[in-house]
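Asker: Hey, dropping model09.pdb in here, PDB, C-alpha atoms and all ligand atoms:
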ATOM      1  CA  MET D  47      89.159  75.267  39.224
ATOM      2  CA  LEU D  48      90.073  71.603  39.199
ATOM      3  CA  ILE D  49      88.377  69.335  36.678
ATOM      4  CA  ASN D  50      90.341  66.111  36.760
ATOM      5  CA  PRO D  51      90.486  65.073  39.517
ATOM      6  CA  SER D  52      87.659  67.320  40.659
ATOM      7  CA  PHE D  53      87.609  68.773  44.166
ATOM      8  CA  PRO D  54      84.706  66.492  45.249
ATOM      9  CA  ASP D  55      86.682  63.475  43.966
ATOM     10  CA  LEU D  56      89.733  64.577  45.956
ATOM     11  CA  LEU D  57      87.599  64.996  49.086
ATOM     12  CA  LYS D  58      86.109  61.535  48.698
ATOM     13  CA  GLY D  59      89.443  59.912  47.785
ATOM     14  CA  GLY D  60      90.042  58.371  51.203
ATOM     15  CA  THR D  61      93.029  60.529  52.213
ATOM     16  CA  PRO D  62      92.059  63.609  54.259
ATOM     17  CA  LEU D  63      92.953  66.876  52.548
ATOM     18  CA  LEU D  64      95.171  69.251  54.519
ATOM     19  CA  THR D  65      94.260  72.791  53.522
ATOM     20  CA  ALA D  66      96.065  76.054  54.269
ATOM     21  CA  TRP D  67      93.933  78.778  55.873
ATOM     22  CA  CYS D  68      94.704  82.396  54.963
ATOM     23  CA  GLY D  69      93.541  85.729  56.313
ATOM     24  CA  LEU D  70      96.434  88.080  55.606
ATOM     25  CA  PRO D  71      95.463  90.851  53.196
ATOM     26  CA  ASP D  72      97.586  90.008  50.170
ATOM     27  CA  PRO D  73      97.070  87.443  47.366
ATOM     28  CA  SER D  74     100.759  86.497  47.417
ATOM     29  CA  VAL D  75     100.238  84.663  50.731
ATOM     30  CA  PRO D  76      97.731  82.046  49.476
ATOM     31  CA  ALA D  77      99.774  81.870  46.246
ATOM     32  CA  LEU D  78     102.914  81.003  48.255
ATOM     33  CA  LEU D  79     101.154  78.461  50.461
ATOM     34  CA  ALA D  80      99.651  76.797  47.377
ATOM     35  CA  ARG D  81     103.253  75.998  46.346
ATOM     36  CA  GLU D  82     103.830  74.102  49.609
ATOM     37  CA  GLU D  83     102.478  70.584  50.074
ATOM     38  CA  PHE D  84      98.994  71.645  51.100
ATOM     39  CA  ASP D  85      96.217  69.914  49.190
ATOM     40  CA  ALA D  86      94.173  73.130  48.846
ATOM     41  CA  VAL D  87      94.122  76.747  50.050
ATOM     42  CA  ALA D  88      91.211  78.478  51.803
ATOM     43  CA  MET D  89      90.781  82.220  52.259
ATOM     44  CA  ASP D  90      88.814  83.575  55.187
ATOM     45  CA  MET D  91      86.501  86.493  54.436
ATOM     46  CA  GLN D  92      84.547  86.064  57.690
ATOM     47  CA  HIS D  93      87.354  86.910  60.093
ATOM     48  CA  GLY D  94      90.491  87.429  57.990
ATOM     49  CA  SER D  95      91.739  90.850  56.943
ATOM     50  CA  MET D  96      91.775  89.913  53.251
ATOM     51  CA  ASP D  97      89.450  92.046  51.138
ATOM     52  CA  PHE D  98      87.271  90.911  48.262
ATOM     53  CA  ALA D  99      89.578  92.098  45.451
ATOM     54  CA  ALA D 100      92.651  90.468  47.018
ATOM     55  CA  ALA D 101      90.830  87.152  47.476
ATOM     56  CA  LEU D 102      89.587  87.233  43.876
ATOM     57  CA  ARG D 103      93.127  87.878  42.629
ATOM     58  CA  ALA D 104      94.424  84.920  44.644
ATOM     59  CA  VAL D 105      92.098  82.420  42.917
ATOM     60  CA  PRO D 106      94.070  82.075  39.638
ATOM     61  CA  LEU D 107      97.368  82.148  41.580
ATOM     62  CA  ILE D 108      96.264  79.159  43.672
ATOM     63  CA  ALA D 109      94.975  77.426  40.524
ATOM     64  CA  ALA D 110      98.343  78.021  38.828
ATOM     65  CA  ALA D 111      99.881  75.780  41.508
ATOM     66  CA  GLY D 112      97.357  73.070  40.569
ATOM     67  CA  LYS D 113      95.461  73.381  43.862
ATOM     68  CA  PRO D 114      91.761  73.973  44.588
ATOM     69  CA  ALA D 115      90.926  77.409  46.012
ATOM     70  CA  LEU D 116      88.259  77.794  48.697
ATOM     71  CA  VAL D 117      86.737  80.804  50.366
ATOM     72  CA  ARG D 118      84.831  81.315  53.602
ATOM     73  CA  ILE D 119      82.275  84.067  52.999
ATOM     74  CA  PRO D 120      81.042  86.501  55.690
ATOM     75  CA  VAL D 121      77.925  85.452  57.659
ATOM     76  CA  GLY D 122      74.808  85.571  55.473
ATOM     77  CA  GLU D 123      76.523  87.062  52.392
ATOM     78  CA  PHE D 124      75.472  84.235  50.125
ATOM     79  CA  ALA D 125      75.650  86.304  46.901
ATOM     80  CA  MET D 126      79.407  86.455  47.462
ATOM     81  CA  ALA D 127      79.509  82.651  47.104
ATOM     82  CA  SER D 128      78.347  82.951  43.473
ATOM     83  CA  ARG D 129      80.914  85.648  42.746
ATOM     84  CA  PHE D 130      83.738  83.450  44.022
ATOM     85  CA  LEU D 131      82.409  80.477  42.027
ATOM     86  CA  ASP D 132      82.414  82.743  38.958
ATOM     87  CA  ALA D 133      86.070  83.525  39.676
ATOM     88  CA  GLY D 134      86.845  79.795  39.821
ATOM     89  CA  VAL D 135      86.914  78.630  43.450
ATOM     90  CA  SER D 136      86.248  74.930  43.988
ATOM     91  CA  GLY D 137      84.557  75.274  47.362
ATOM     92  CA  VAL D 138      82.717  77.800  49.527
ATOM     93  CA  ILE D 139      82.344  77.627  53.311
ATOM     94  CA  ALA D 140      79.335  79.483  54.761
ATOM     95  CA  PRO D 141      79.574  80.276  58.495
ATOM     96  CA  MET D 142      76.726  80.129  61.023
ATOM     97  CA  ILE D 143      74.205  78.064  59.038
ATOM     98  CA  ASN D 144      71.672  77.838  61.854
ATOM     99  CA  THR D 145      68.360  77.285  60.061
ATOM    100  CA  ILE D 146      67.101  75.276  57.116
ATOM    101  CA  GLU D 147      66.342  78.594  55.426
ATOM    102  CA  ASP D 148      70.045  79.602  55.789
ATOM    103  CA  ALA D 149      71.071  76.295  54.199
ATOM    104  CA  ARG D 150      68.548  76.646  51.354
ATOM    105  CA  ARG D 151      69.622  80.217  50.578
ATOM    106  CA  PHE D 152      73.300  79.261  50.620
ATOM    107  CA  ALA D 153      72.647  76.302  48.278
ATOM    108  CA  SER D 154      70.586  78.484  45.938
ATOM    109  CA  PHE D 155      73.608  80.772  45.333
ATOM    110  CA  MET D 156      75.971  77.783  44.969
ATOM    111  CA  LYS D 157      74.134  75.673  42.395
ATOM    112  CA  PHE D 158      72.665  76.330  38.962
ATOM    113  CA  PRO D 159      69.033  75.356  38.244
ATOM    114  CA  SER D 160      67.409  72.981  38.743
ATOM    115  CA  VAL D 161      69.099  72.598  42.149
ATOM    116  CA  GLY D 162      69.536  76.317  42.910
ATOM    117  CA  GLN D 163      69.387  79.801  41.384
ATOM    118  CA  ARG D 164      73.033  80.545  40.619
ATOM    119  CA  SER D 165      73.193  83.121  37.851
ATOM    120  CA  TRP D 166      75.394  82.884  34.742
ATOM    121  CA  GLY D 167      78.736  84.730  34.603
ATOM    122  CA  ALA D 168      81.539  82.262  35.281
ATOM    123  CA  TYR D 169      84.334  84.217  33.586
ATOM    124  CA  GLY D 170      87.179  82.853  35.733
ATOM    125  CA  ALA D 171      85.831  79.329  36.138
ATOM    126  CA  LEU D 172      85.546  79.001  32.348
ATOM    127  CA  ALA D 173      89.111  80.232  31.851
ATOM    128  CA  LEU D 174      90.556  78.016  34.580
ATOM    129  CA  SER D 175      88.604  74.890  33.664
ATOM    130  CA  GLY D 176      88.913  75.216  29.889
ATOM    131  CA  LEU D 177      85.310  73.986  29.645
ATOM    132  CA  GLU D 178      82.959  75.327  26.999
ATOM    133  CA  PRO D 179      80.011  77.227  28.518
ATOM    134  CA  ALA D 180      77.454  74.470  27.868
ATOM    135  CA  GLU D 181      79.751  71.842  29.385
ATOM    136  CA  TYR D 182      80.535  74.054  32.373
ATOM    137  CA  LEU D 183      76.821  74.625  32.983
ATOM    138  CA  ARG D 184      76.206  70.877  32.809
ATOM    139  CA  ARG D 185      79.008  69.977  35.232
ATOM    140  CA  ALA D 186      79.461  72.945  37.574
ATOM    141  CA  ASN D 187      77.089  71.760  40.309
ATOM    142  CA  ASP D 188      79.128  68.555  40.646
ATOM    143  CA  LEU D 189      82.553  70.189  40.427
ATOM    144  CA  THR D 190      82.108  72.657  43.294
ATOM    145  CA  VAL D 191      81.503  72.003  46.970
ATOM    146  CA  SER D 192      79.208  73.872  49.360
ATOM    147  CA  PHE D 193      80.127  73.535  53.043
ATOM    148  CA  ALA D 194      77.494  74.578  55.599
ATOM    149  CA  MET D 195      79.184  75.500  58.881
ATOM    150  CA  VAL D 196      77.804  73.765  61.950
ATOM    151  CA  GLU D 197      78.984  75.724  64.959
ATOM    152  CA  THR D 198      75.987  76.380  67.206
ATOM    153  CA  ARG D 199      73.506  74.378  69.284
ATOM    154  CA  GLU D 200      70.797  75.291  66.749
ATOM    155  CA  ALA D 201      72.786  73.817  63.871
ATOM    156  CA  LEU D 202      73.677  70.667  65.826
ATOM    157  CA  ALA D 203      69.992  70.103  66.529
ATOM    158  CA  ILE D 204      69.065  70.179  62.815
ATOM    159  CA  ILE D 205      72.207  68.727  61.253
ATOM    160  CA  ASP D 206      70.282  65.911  59.514
ATOM    161  CA  GLU D 207      67.889  68.405  57.916
ATOM    162  CA  ILE D 208      70.787  70.666  56.838
ATOM    163  CA  LEU D 209      72.465  67.669  55.214
ATOM    164  CA  GLU D 210      69.243  66.844  53.362
ATOM    165  CA  VAL D 211      69.046  70.256  51.662
ATOM    166  CA  PRO D 212      69.702  69.771  47.915
ATOM    167  CA  GLY D 213      72.925  71.552  46.969
ATOM    168  CA  ILE D 214      74.537  71.246  50.404
ATOM    169  CA  ASP D 215      77.522  68.968  49.770
ATOM    170  CA  GLY D 216      78.909  68.804  53.271
ATOM    171  CA  VAL D 217      79.349  70.244  56.704
ATOM    172  CA  PHE D 218      82.266  72.281  58.033
ATOM    173  CA  ALA D 219      82.525  72.158  61.829
ATOM    174  CA  GLY D 220      83.639  75.273  63.707
ATOM    175  CA  PRO D 221      85.121  73.986  66.970
ATOM    176  CA  ALA D 222      85.783  77.412  68.512
ATOM    177  CA  ASP D 223      82.221  78.690  68.132
ATOM    178  CA  LEU D 224      80.883  75.247  69.044
ATOM    179  CA  SER D 225      82.852  75.417  72.281
ATOM    180  CA  ILE D 226      81.476  78.858  73.123
ATOM    181  CA  ALA D 227      77.943  77.586  72.470
ATOM    182  CA  LEU D 228      78.372  74.353  74.399
ATOM    183  CA  LEU D 229      80.075  76.093  77.337
ATOM    184  CA  GLY D 230      77.195  78.592  77.508
ATOM    185  CA  GLY D 231      79.442  81.510  76.561
ATOM    186  CA  LYS D 232      81.736  80.921  79.539
ATOM    187  CA  GLY D 233      84.830  80.099  77.549
ATOM    188  CA  VAL D 234      86.403  79.137  74.248
ATOM    189  CA  ASP D 235      87.982  75.686  74.312
ATOM    190  CA  PRO D 236      87.888  73.976  70.886
ATOM    191  CA  ALA D 237      89.558  70.832  72.297
ATOM    192  CA  SER D 238      87.106  70.387  75.207
ATOM    193  CA  ALA D 239      85.319  67.081  75.895
ATOM    194  CA  GLU D 240      81.991  68.734  75.000
ATOM    195  CA  VAL D 241      83.306  69.723  71.552
ATOM    196  CA  GLU D 242      84.885  66.293  71.001
ATOM    197  CA  LYS D 243      81.510  64.668  71.651
ATOM    198  CA  ALA D 244      79.778  67.092  69.283
ATOM    199  CA  LEU D 245      82.378  66.394  66.586
ATOM    200  CA  ASP D 246      81.764  62.634  66.891
ATOM    201  CA  HIS D 247      78.065  63.346  66.382
ATOM    202  CA  VAL D 248      78.746  65.608  63.370
ATOM    203  CA  LEU D 249      80.971  62.960  61.762
ATOM    204  CA  ALA D 250      78.434  60.195  62.333
ATOM    205  CA  ARG D 251      75.563  62.215  60.852
ATOM    206  CA  VAL D 252      77.622  63.365  57.826
ATOM    207  CA  ARG D 253      78.714  59.779  57.150
ATOM    208  CA  ALA D 254      75.123  58.550  57.428
ATOM    209  CA  ALA D 255      74.132  61.160  54.818
ATOM    210  CA  GLY D 256      77.014  60.144  52.522
ATOM    211  CA  LYS D 257      78.280  63.745  52.420
ATOM    212  CA  ILE D 258      81.588  65.498  53.198
ATOM    213  CA  ALA D 259      82.916  66.437  56.649
ATOM    214  CA  ALA D 260      85.439  69.247  57.051
ATOM    215  CA  ILE D 261      86.787  71.188  60.017
ATOM    216  CA  PHE D 262      89.150  73.928  61.150
ATOM    217  CA  ALA D 263      92.235  73.158  63.269
ATOM    218  CA  PRO D 264      94.353  75.813  64.968
ATOM    219  CA  SER D 265      97.599  73.830  64.599
ATOM    220  CA  GLY D 266      99.189  71.092  62.516
ATOM    221  CA  ALA D 267      99.183  68.670  65.457
ATOM    222  CA  ARG D 268      95.457  69.155  66.033
ATOM    223  CA  ALA D 269      94.857  68.852  62.273
ATOM    224  CA  GLY D 270      96.553  65.446  62.351
ATOM    225  CA  ASP D 271      94.243  64.294  65.178
ATOM    226  CA  LEU D 272      91.148  65.482  63.297
ATOM    227  CA  ALA D 273      92.259  63.869  60.047
ATOM    228  CA  ARG D 274      92.737  60.566  61.895
ATOM    229  CA  LYS D 275      89.297  61.025  63.470
ATOM    230  CA  GLY D 276      87.819  60.802  59.971
ATOM    231  CA  PHE D 277      87.273  64.303  58.577
ATOM    232  CA  ASN D 278      87.609  64.488  54.776
ATOM    233  CA  MET D 279      89.320  67.874  54.991
ATOM    234  CA  VAL D 280      91.073  69.742  57.782
ATOM    235  CA  CYS D 281      91.957  73.422  57.355
ATOM    236  CA  ILE D 282      95.114  74.382  59.233
ATOM    237  CA  GLY D 283      95.122  77.887  60.666
ATOM    238  CA  SER D 284      96.526  80.167  59.948
ATOM    239  CA  ASP D 285      98.908  81.974  57.624
ATOM    240  CA  MET D 286      99.598  84.389  60.480
ATOM    241  CA  SER D 287     100.469  81.655  62.986
ATOM    242  CA  MET D 288     102.646  79.897  60.397
ATOM    243  CA  LEU D 289     104.484  83.182  59.803
ATOM    244  CA  ARG D 290     105.004  83.663  63.528
ATOM    245  CA  ALA D 291     106.128  80.038  64.032
ATOM    246  CA  GLY D 292     108.608  80.373  61.152
ATOM    247  CA  ALA D 293     109.937  83.661  62.541
ATOM    248  CA  GLN D 294     110.336  82.191  66.018
ATOM    249  CA  ALA D 295     112.117  79.087  64.656
ATOM    250  CA  SER D 296     114.528  81.241  62.583
ATOM    251  CA  LEU D 297     115.351  83.484  65.520
ATOM    252  CA  ALA D 298     115.791  80.549  67.874
ATOM    253  CA  ALA D 299     118.160  78.864  65.389
ATOM    254  CA  ALA D 300     120.166  82.097  65.028
ATOM    255  CA  GLN D 301     120.348  82.629  68.777
ATOM    256  CA  GLN D 302     121.523  79.041  69.394
ATOM    257  CA  GLY D 303     124.212  79.166  66.695
TER
HETATM  258  C1  LIG U   1      85.304  78.057  64.517
HETATM  259  O1  LIG U   1      86.102  77.251  65.037
HETATM  260  O2  LIG U   1      84.302  78.515  65.070
HETATM  261  C2  LIG U   1      85.553  78.492  63.168
HETATM  262  O3  LIG U   1      84.745  79.183  62.602
HETATM  263  C3  LIG U   1      86.847  78.110  62.511
HETATM  264  O4  LIG U   1      87.437  79.205  61.919
HETATM  265 MG    MG U   2      83.275  79.993  63.787
END
Here is the file; what I need is its structure written in the form of structure tokens.
Ligand code: 3PY
Ligand code: MG

Answerer:
Amino acid sequence: MLINPSFPDLLKGGTPLLTAWCGLPDPSVPALLAREEFDAVAMDMQHGSMDFAAALRAVPLIAAAGKPALVRIPVGEFAMASRFLDAGVSGVIAPMINTIEDARRFASFMKFPSVGQRSWGAYGALALSGLEPAEYLRRANDLTVSFAMVETREALAIIDEILEVPGIDGVFAGPADLSIALLGGKGVDPASAEVEKALDHVLARVRAAGKIAAIFAPSGARAGDLARKGFNMVCIGSDMSMLRAGAQASLAAAQQG
């Protein structure tokens, strides 16, 4: 876990963070990507094929490269957020936060009292941060970032209230699910005009609340567009597509030569 600069400081530093997005089931993949020039590495436990033990093992490997580790938990499994914070992740992304109650429950597992109800047991975070327990307890709520995913019509309608929930540090937009919602289930088109308009709204509301805006991008080119649009962090998906792109480029080079 990063202390100096902290992950929130990096996010607010004015330069959008470009974060690798991993779902392959082995900790060596996020460890490798952490050694590239990504600013952080996120592991996807909602849709990826990485299991809990593999993701936990990746946390110190990412930290060893000096990068913040993030995890996206499965829908509604907020207790898992605390377990990853214990292991030393700097940020947790919770999908499908569609009600204020969802946001409150997520925040309660992310933050120690008096903000939330996170329970004590930060074995990995203590080791990675080097902080004494009392100091870790005092600072942990400000060193870690909780991202509530906004990816439905319901969430868009209450985004201001979600942002007001104590312990919610920012919003993470899900353009694919947003597109399905906004197109009434008739298609998935994360770059559609409807999604673009929704993303402008999300950015404006997050800025007005003084919080952090993050988003997923399915390619580097799209990530560049979203970073220029003003998101504080763009996650570039995914390890699998990067592997395929690298394989295709190698083969093409060999076939040309
Ligand atoms: C979405 O685009 O819906 C996401 O959840 C990104 O992974
Ligand atoms: Mg989604």

Asker: Which residues, written as an MDAnalysis selection string, have at least one atom at most 10 Å from range 271-285 of chain D, with only C-alpha atoms counted and residues fewer than 5 positions away on the same chain left out?

Answerer: chainID D and resid 56:70 75:76 79 84:90 94 216 218:219 242 245:246 248:250 252:253 257:266 290:291

Asker: For those residues, write C-alpha atoms to a file as a tab-separated table (two decimals), in the frame of the given file.

Answerer:
chain	number	residue	atom	x	y	z
D	56	LEU	CA	89.73	64.58	45.96
D	57	LEU	CA	87.60	65.00	49.09
D	58	LYS	CA	86.11	61.54	48.70
D	59	GLY	CA	89.44	59.91	47.78
D	60	GLY	CA	90.04	58.37	51.20
D	61	THR	CA	93.03	60.53	52.21
D	62	PRO	CA	92.06	63.61	54.26
D	63	LEU	CA	92.95	66.88	52.55
D	64	LEU	CA	95.17	69.25	54.52
D	65	THR	CA	94.26	72.79	53.52
D	66	ALA	CA	96.06	76.05	54.27
D	67	TRP	CA	93.93	78.78	55.87
D	68	CYS	CA	94.70	82.40	54.96
D	69	GLY	CA	93.54	85.73	56.31
D	70	LEU	CA	96.43	88.08	55.61
D	75	VAL	CA	100.24	84.66	50.73
D	76	PRO	CA	97.73	82.05	49.48
D	79	LEU	CA	101.15	78.46	50.46
D	84	PHE	CA	98.99	71.64	51.10
D	85	ASP	CA	96.22	69.91	49.19
D	86	ALA	CA	94.17	73.13	48.85
D	87	VAL	CA	94.12	76.75	50.05
D	88	ALA	CA	91.21	78.48	51.80
D	89	MET	CA	90.78	82.22	52.26
D	90	ASP	CA	88.81	83.58	55.19
D	94	GLY	CA	90.49	87.43	57.99
D	216	GLY	CA	78.91	68.80	53.27
D	218	PHE	CA	82.27	72.28	58.03
D	219	ALA	CA	82.52	72.16	61.83
D	242	GLU	CA	84.88	66.29	71.00
D	245	LEU	CA	82.38	66.39	66.59
D	246	ASP	CA	81.76	62.63	66.89
D	248	VAL	CA	78.75	65.61	63.37
D	249	LEU	CA	80.97	62.96	61.76
D	250	ALA	CA	78.43	60.20	62.33
D	252	VAL	CA	77.62	63.36	57.83
D	253	ARG	CA	78.71	59.78	57.15
D	257	LYS	CA	78.28	63.74	52.42
D	258	ILE	CA	81.59	65.50	53.20
D	259	ALA	CA	82.92	66.44	56.65
D	260	ALA	CA	85.44	69.25	57.05
D	261	ILE	CA	86.79	71.19	60.02
D	262	PHE	CA	89.15	73.93	61.15
D	263	ALA	CA	92.24	73.16	63.27
D	264	PRO	CA	94.35	75.81	64.97
D	265	SER	CA	97.60	73.83	64.60
D	266	GLY	CA	99.19	71.09	62.52
D	290	ARG	CA	105.00	83.66	63.53
D	291	ALA	CA	106.13	80.04	64.03

Asker: Neighbours of ligand MG 2 (chain U) within 6 Å, counting only C-alpha atoms and all ligand atoms, as a VMD selection string?

Answerer: chain D and resid 220 222 to 223

Asker: Print the selection's residues with C-alpha atoms to a file, as an mmCIF file, in the coordinates of the input.

Answerer:
data_model
loop_
_atom_site.group_PDB
_atom_site.id
_atom_site.type_symbol
_atom_site.label_atom_id
_atom_site.label_comp_id
_atom_site.auth_asym_id
_atom_site.auth_seq_id
_atom_site.Cartn_x
_atom_site.Cartn_y
_atom_site.Cartn_z
ATOM 1 C CA GLY D 220 83.639 75.273 63.707
ATOM 2 C CA ALA D 222 85.783 77.412 68.512
ATOM 3 C CA ASP D 223 82.221 78.690 68.132
#

Asker: Determine the residue membership of the PyMOL selection byres (((chain D and resi 179-183) around 10) and not hetatm) for the file above and supply it as number ranges by chain.

Answerer: D: 157-159, 166-169, 171-172, 175-178, 184-187, 189

Asker: With the file shown as input, list the residues that the PyMOL selection byres (((chain D and resi 107-120) around 6) and not hetatm) selects, as a PyMOL selection string.

Answerer: chain D and resi 77+80-81+86-92+104-106+121+123+135-140

Asker: For a cutoff of 8 Å around the file-coordinate point (71.5, 77.4, 62.2), which residues qualify once you count only C-alpha atoms? I'd like the result as a PyMOL selection string.

Answerer: chain D and resi 142-146+148+196+198-202+204

Asker: I need the residues from that last selection saved to file as a JSON list (two decimals), in the frame of the given file (with C-alpha atoms), if you can.

Answerer:
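Written file, result-v7.json:
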[["chain", "number", "residue", "atom", "x", "y", "z"],
["D", 142, "MET", "CA", 76.73, 80.13, 61.02],
["D", 143, "ILE", "CA", 74.20, 78.06, 59.04],
["D", 144, "ASN", "CA", 71.67, 77.84, 61.85],
["D", 145, "THR", "CA", 68.36, 77.28, 60.06],
["D", 146, "ILE", "CA", 67.10, 75.28, 57.12],
["D", 148, "ASP", "CA", 70.04, 79.60, 55.79],
["D", 196, "VAL", "CA", 77.80, 73.76, 61.95],
["D", 198, "THR", "CA", 75.99, 76.38, 67.21],
["D", 199, "ARG", "CA", 73.51, 74.38, 69.28],
["D", 200, "GLU", "CA", 70.80, 75.29, 66.75],
["D", 201, "ALA", "CA", 72.79, 73.82, 63.87],
["D", 202, "LEU", "CA", 73.68, 70.67, 65.83],
["D", 204, "ILE", "CA", 69.06, 70.18, 62.82]]

Asker: Carefully work through the PyMOL selection byres (((chain D and resi 71) around 7) and not hetatm) for this structure and note down the residues it includes, as an MDAnalysis selection string.

Answerer: chainID D and resid 69:70 72:73 95:97 100

Asker: Which residue is closest to Ala153 in chain D? Choose from D:Met288, D:Leu224, D:Ala269, D:Leu209 and count all atoms listed in the file.

Answerer: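 So, comparing all the options, the nearest one is D:Leu209.
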
Asker: Measuring between all atoms listed in the file, which one of D:Ala300, D:Arg164, D:Gly256, D:Asp188 shows the shortest distance to Pro54 in chain D?

Answerer: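 Of all the options, D:Asp188 lies closest to Pro54 in chain D.
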